[in-house]
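Visitor: The structure that follows is given in the form of structure tokens.
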Amino acid sequence: MSGRFVSLQNPQYRKLWWAGTFSFMSVQMQFLLRGVLAWDLTRRESALGLTYLLFGFSMLIATPLGGIATDRYPKRTVLLISQAAIALAAAGLGAAVLFDAEQFWMLLVVSTIHGGAFGFYGPARVAYSTDLVGRDLLGNAITLSLLSMNATRIFAPALAGVLIGVRAVGVGGVYLIAAVLSVVSFLLLLRLPSVRPVEAPGANPWVEIANGVRYVNERPELQRLMVSSFFVIMFAFNYVAFLPALVEDVFGKSDVHLGIISSASALGAVTASLFVASRADSAKASDLLIGAGLLFTLGVAALGAAPNFWAAFAVIFVIGAGSTSYQSLSSTLALRMTDDGYQGRVQSLMQLSFAGFGIAALPLGVLAETIGLRRTIMVMGGVGLVSIAVGALPRIGSVWRPKTAPQHCR
């Protein structure tokens with residue numbers, strides 16, 4: 001294998017990678033289904049935002065606890081419980097739709113369960129990669145995980161969009177397919193080794209969370225990276241919550257086109273992952289992070305000005321390339337700065353940005369109903385761009401700061 005895929009030479013990591021691939025297929029289908037069902041039931045942008053708000057609040061509460069669980073319990077156990085919750089929630093909502101009993105509150109409950117499960121699943125999966133491949137290949141392993149996730153985005157949303165339009169399948173049938181994919185992931189996780197945690201469980205989880213926050217606060221570079229990443233994801237990544245409204249209401253297209261445009265982001269992400277995979281562990285990772293962040297946030301701002309569907313398709317390709325590069329590099333750099341006993345908690349704090357993304361969706365939905373969806377998407381990109389600039393200021397300053405003149409020249 002080439003340097004881009006070196007982590008996959010490890011058989012245990014390969015099992016984790018395949019488990020993640022099936023899980024991501026399920027998750028990508030459900031992200032599209034959540035938007036479609038919320039829009040079909042309410043026809044309001046604020047309802048789209050509300051589903052993501054509950055997802056975000058649930059993830060906000062669960063993610064710090066997920067970080068503690070990752071540091072203190074076998075990571076495989078954390079992954080198995082999370083995956084089971086995702087599968088059961090998808091199966092339940094799918095059954096409700098098939099029996100024509102679906103209601104908006106059910107979608108909100110499933111969004112809450114999904115957010116909670118993600119809060120445990122995300123930190124455990126990333127930290128587990130460190131256990132399986134070691135620190136030297138951590139960047140490669142994280143990038144390949146994102147490659148797996150984004151490869152499923154190429155076809156999973158499009159497949160879901162097509163199947164929704166098939167009368168014999170519909171939204172309910174696709175939810176059940178997503179549940180089956182989660183079960184496959186669960187069975188693959190069962191074949192992984194149960195790695196013992198670095199430290200024994202603490203007596204008070206809130207003290208453990210506080211220790212994790214204190215750990216980050218004592219490291220200014222890590223703190224700056226995490227704060228910048230939080231606001232970039234919280235605002236710029238929210239474009240995905242409003243794609244159903246953009247595609248169907250602004251561009252006048254169908255659910256099939258929603259799947260197609262979601263795949264554009266995935267194509268860009270896969271292209272970028274192949275580039276980043278062999279560079280994520282290099283000394284240039286910090287510079288690449290800034291470039292990826294600029295590409296991502298400027299792309300989101302440009303999406304708000306896209307004149308038609310196919311122009312938006314091209315812009316979202318660029319957004320996908322920038323966003324996946326930014327996520328993989330920020331996670332890699334954060335974990336590289338972190339001691340083994342704190343990796344779960346640090347990764348959980350990094351993942352809080354996705355909780356923020358969900359929480360920000362509702363006020364952004366209300367804003368879209370007030371000033372228009374296009375302008376709101378441009379605001380999302382603008383806030384993300386400012387966050388990238390602020391996070392990069394110390395590095396830019398160190399490059400341009402004049403060198404001190406030698407003593408004899410004074």
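Chain labels A, B, ... are given in the sequence in which chains occur in the structure tokens; within each chain residues are numbered consecutively from 1, and ligands are likewise numbered from 1 in the order shown.
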How would you write, as a ChimeraX atom specification, the set of residues in segment 69-272 of chain A that DSSP gives as alpha helix (DSSP H)?
Guide: /A:69-72,75-98,104-133,138-164,170-189,205-217,220-231,243-245,255-272
Visitor: Neighbours of Leu65 of chain A within 12 Å (only C-alpha atoms; same-chain residues fewer than 3 positions away dropped), as a PyMOL selection string?
Guide: chain A and resi 58-62+68-73+78+116-124+201-202+204-210+212+344-349+351-352
Visitor: Keeping only C-alpha atoms, write the selected residues to a file as an mmCIF file, in the first residue's frame.
Guide:
data_model
loop_
_atom_site.group_PDB
_atom_site.id
_atom_site.type_symbol
_atom_site.label_atom_id
_atom_site.label_comp_id
_atom_site.auth_asym_id
_atom_site.auth_seq_id
_atom_site.Cartn_x
_atom_site.Cartn_y
_atom_site.Cartn_z
ATOM 1 C CA SER A 58 -28.243 16.205 23.326
ATOM 2 C CA MET A 59 -24.742 16.049 21.920
ATOM 3 C CA LEU A 60 -23.702 18.989 24.112
ATOM 4 C CA ILE A 61 -24.660 17.044 27.240
ATOM 5 C CA ALA A 62 -23.431 13.645 26.055
ATOM 6 C CA ILE A 68 -14.842 10.576 30.188
ATOM 7 C CA ALA A 69 -16.161 7.159 29.146
ATOM 8 C CA THR A 70 -13.520 6.983 26.405
ATOM 9 C CA ASP A 71 -10.698 7.699 28.858
ATOM 10 C CA ARG A 72 -12.008 5.461 31.640
ATOM 11 C CA TYR A 73 -13.742 2.459 30.004
ATOM 12 C CA VAL A 78 -18.580 2.701 24.288
ATOM 13 C CA GLY A 116 -26.562 11.582 22.473
ATOM 14 C CA ALA A 117 -25.174 8.496 20.751
ATOM 15 C CA PHE A 118 -22.874 10.626 18.623
ATOM 16 C CA GLY A 119 -21.577 12.315 21.750
ATOM 17 C CA PHE A 120 -20.161 8.974 22.894
ATOM 18 C CA TYR A 121 -19.346 7.455 19.495
ATOM 19 C CA GLY A 122 -17.181 10.280 18.095
ATOM 20 C CA PRO A 123 -14.551 10.633 20.865
ATOM 21 C CA ALA A 124 -14.310 6.863 21.334
ATOM 22 C CA PRO A 201 -12.853 5.329 36.293
ATOM 23 C CA GLY A 202 -12.989 8.444 38.469
ATOM 24 C CA ASN A 204 -17.070 12.032 40.027
ATOM 25 C CA PRO A 205 -17.632 12.540 36.265
ATOM 26 C CA TRP A 206 -18.046 16.309 36.674
ATOM 27 C CA VAL A 207 -14.631 16.518 38.315
ATOM 28 C CA GLU A 208 -13.242 14.555 35.358
ATOM 29 C CA ILE A 209 -14.827 17.018 32.914
ATOM 30 C CA ALA A 210 -13.388 19.950 34.879
ATOM 31 C CA GLY A 212 -10.209 18.022 31.003
ATOM 32 C CA GLY A 344 -10.950 11.125 25.072
ATOM 33 C CA ARG A 345 -11.818 14.314 26.933
ATOM 34 C CA VAL A 346 -9.906 16.557 24.532
ATOM 35 C CA GLN A 347 -11.541 14.888 21.553
ATOM 36 C CA SER A 348 -14.939 15.276 23.221
ATOM 37 C CA LEU A 349 -14.295 19.008 23.635
ATOM 38 C CA GLN A 351 -16.624 17.399 19.064
ATOM 39 C CA LEU A 352 -18.645 19.952 21.035
#
Visitor: Need to verify the contact set: Val276 of chain A, 10 Å, only C-alpha atoms, exclusion of same-chain residues closer than 2 positions in sequence. Can you return it as a VMD selection string?
Guide: chain A and resid 4 139 to 140 143 to 144 147 270 to 274 278 to 282 285 288 324 to 326 328 to 329
Visitor: For Gly341 of chain A, which residue out of A:Ala241, A:Ala127, A:Ala178, A:Leu189 is the nearest one, using only C-alpha atoms?
Guide: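 Ranked by minimum distance to Gly341 of chain A, first place goes to A:Ala127.
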Visitor: Need to verify the contact set: Leu246 of chain A, 10 Å, only C-alpha atoms, exclusion of same-chain residues closer than 3 positions in sequence. Can you return it as a list in words?
Guide: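 Surrounding residues, per the criterion: Glu45, Tyr239, Val240, Ala241, Phe242, Leu243, Asp249, Val250, Phe251, Gly252, Lys253, Leu258, Leu303, Gly304, Phe309, Ala312, Leu373, Arg374 and Ile377 of chain A.
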Visitor: Please dump the current selection as a CSV table (one decimal), in the first residue's frame; keep C-alpha atoms.
Guide:
chain,number,residue,atom,x,y,z
A,45,GLU,CA,-36.9,26.4,7.9
A,239,TYR,CA,-25.2,24.9,5.6
A,240,VAL,CA,-26.1,21.2,5.6
A,241,ALA,CA,-29.1,21.8,7.8
A,242,PHE,CA,-30.7,24.1,5.2
A,243,LEU,CA,-29.9,22.1,2.0
A,249,ASP,CA,-37.6,26.0,-2.2
A,250,VAL,CA,-34.9,28.2,-3.7
A,251,PHE,CA,-33.9,26.1,-6.7
A,252,GLY,CA,-37.2,24.3,-7.1
A,253,LYS,CA,-35.7,20.8,-7.3
A,258,LEU,CA,-30.9,16.9,-2.8
A,303,LEU,CA,-23.0,29.1,-1.7
A,304,GLY,CA,-25.4,31.9,-0.5
A,309,PHE,CA,-28.5,24.5,-8.7
A,312,ALA,CA,-24.3,25.4,-6.1
A,373,LEU,CA,-32.0,31.9,3.3
A,374,ARG,CA,-29.3,33.1,0.9
A,377,ILE,CA,-25.9,31.2,4.5
Visitor: Out of A:Gly49, A:Gly391, A:Pro74, A:Pro64, which residue has the shortest atom-to-atom distance to Leu225 of chain A when counting only C-alpha atoms?
Guide: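 The closest residue to Leu225 of chain A is A:Gly391.
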Visitor: Please measure the separation of atom CA of Ala389 of chain A and atom CA of Ala306 of chain A, giving the value in Å to one decimal.
Guide: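 A separation of 23.9 Å between them.
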Visitor: Identify, on the basis of only C-alpha atoms, every residue whose closest approach to Ile260 of chain A does not exceed 10 Å; exclude the query and any residue fewer than 2 positions from it along the same chain; express the result as a PyMOL selection string.
Guide: chain A and resi 153-159+161-162+254-258+262-266+313
Visitor: Using the selection just defined, write its residues with C-alpha atoms as a PDB file, in the first residue's frame.
Guide:
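Final file, result09.pdb:
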ATOM      1  CA  ARG A 153     -21.642  10.644   1.287  1.00  0.00           C
ATOM      2  CA  ILE A 154     -21.011  10.235  -2.433  1.00  0.00           C
ATOM      3  CA  PHE A 155     -23.646   7.548  -2.850  1.00  0.00           C
ATOM      4  CA  ALA A 156     -25.576   7.123   0.434  1.00  0.00           C
ATOM      5  CA  PRO A 157     -27.590  10.399   0.263  1.00  0.00           C
ATOM      6  CA  ALA A 158     -28.169   9.954  -3.470  1.00  0.00           C
ATOM      7  CA  LEU A 159     -29.309   6.361  -2.919  1.00  0.00           C
ATOM      8  CA  GLY A 161     -33.045  10.234  -2.290  1.00  0.00           C
ATOM      9  CA  VAL A 162     -33.774   7.742  -5.058  1.00  0.00           C
ATOM     10  CA  SER A 254     -36.666  17.379  -5.896  1.00  0.00           C
ATOM     11  CA  ASP A 255     -35.419  14.997  -3.192  1.00  0.00           C
ATOM     12  CA  VAL A 256     -33.304  13.260  -5.845  1.00  0.00           C
ATOM     13  CA  HIS A 257     -31.474  16.538  -6.499  1.00  0.00           C
ATOM     14  CA  LEU A 258     -30.940  16.893  -2.754  1.00  0.00           C
ATOM     15  CA  SER A 262     -25.040  16.182  -1.024  1.00  0.00           C
ATOM     16  CA  SER A 263     -22.858  13.860  -3.064  1.00  0.00           C
ATOM     17  CA  ALA A 264     -21.007  16.879  -4.507  1.00  0.00           C
ATOM     18  CA  SER A 265     -19.681  17.693  -1.045  1.00  0.00           C
ATOM     19  CA  ALA A 266     -18.623  14.087  -0.616  1.00  0.00           C
ATOM     20  CA  PHE A 313     -23.204  21.886  -6.955  1.00  0.00           C
TER      21      PHE A 313
END
Visitor: As an exercise, work out the distance from atom CA of Thr21 of chain A to atom CA of Ala277 of chain A in Å and give it to one decimal place.
Guide: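 If I compute the distance from atom CA of Thr21 of chain A to atom CA of Ala277 of chain A, I get 16.9 Å.
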Visitor: From the list A:Met378, A:Met234, A:Leu385, A:Leu132, which residue is nearest Leu294 of chain A when using only C-alpha atoms?
Guide: A:Leu385
Visitor: Pick out the closest residue to Val379 of chain A from this set: A:Ala236, A:Val126, A:Leu289, A:Ala245. Count only C-alpha atoms.
Guide: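 Of the candidates, the smallest distance to Val379 of chain A is held by A:Ala236.
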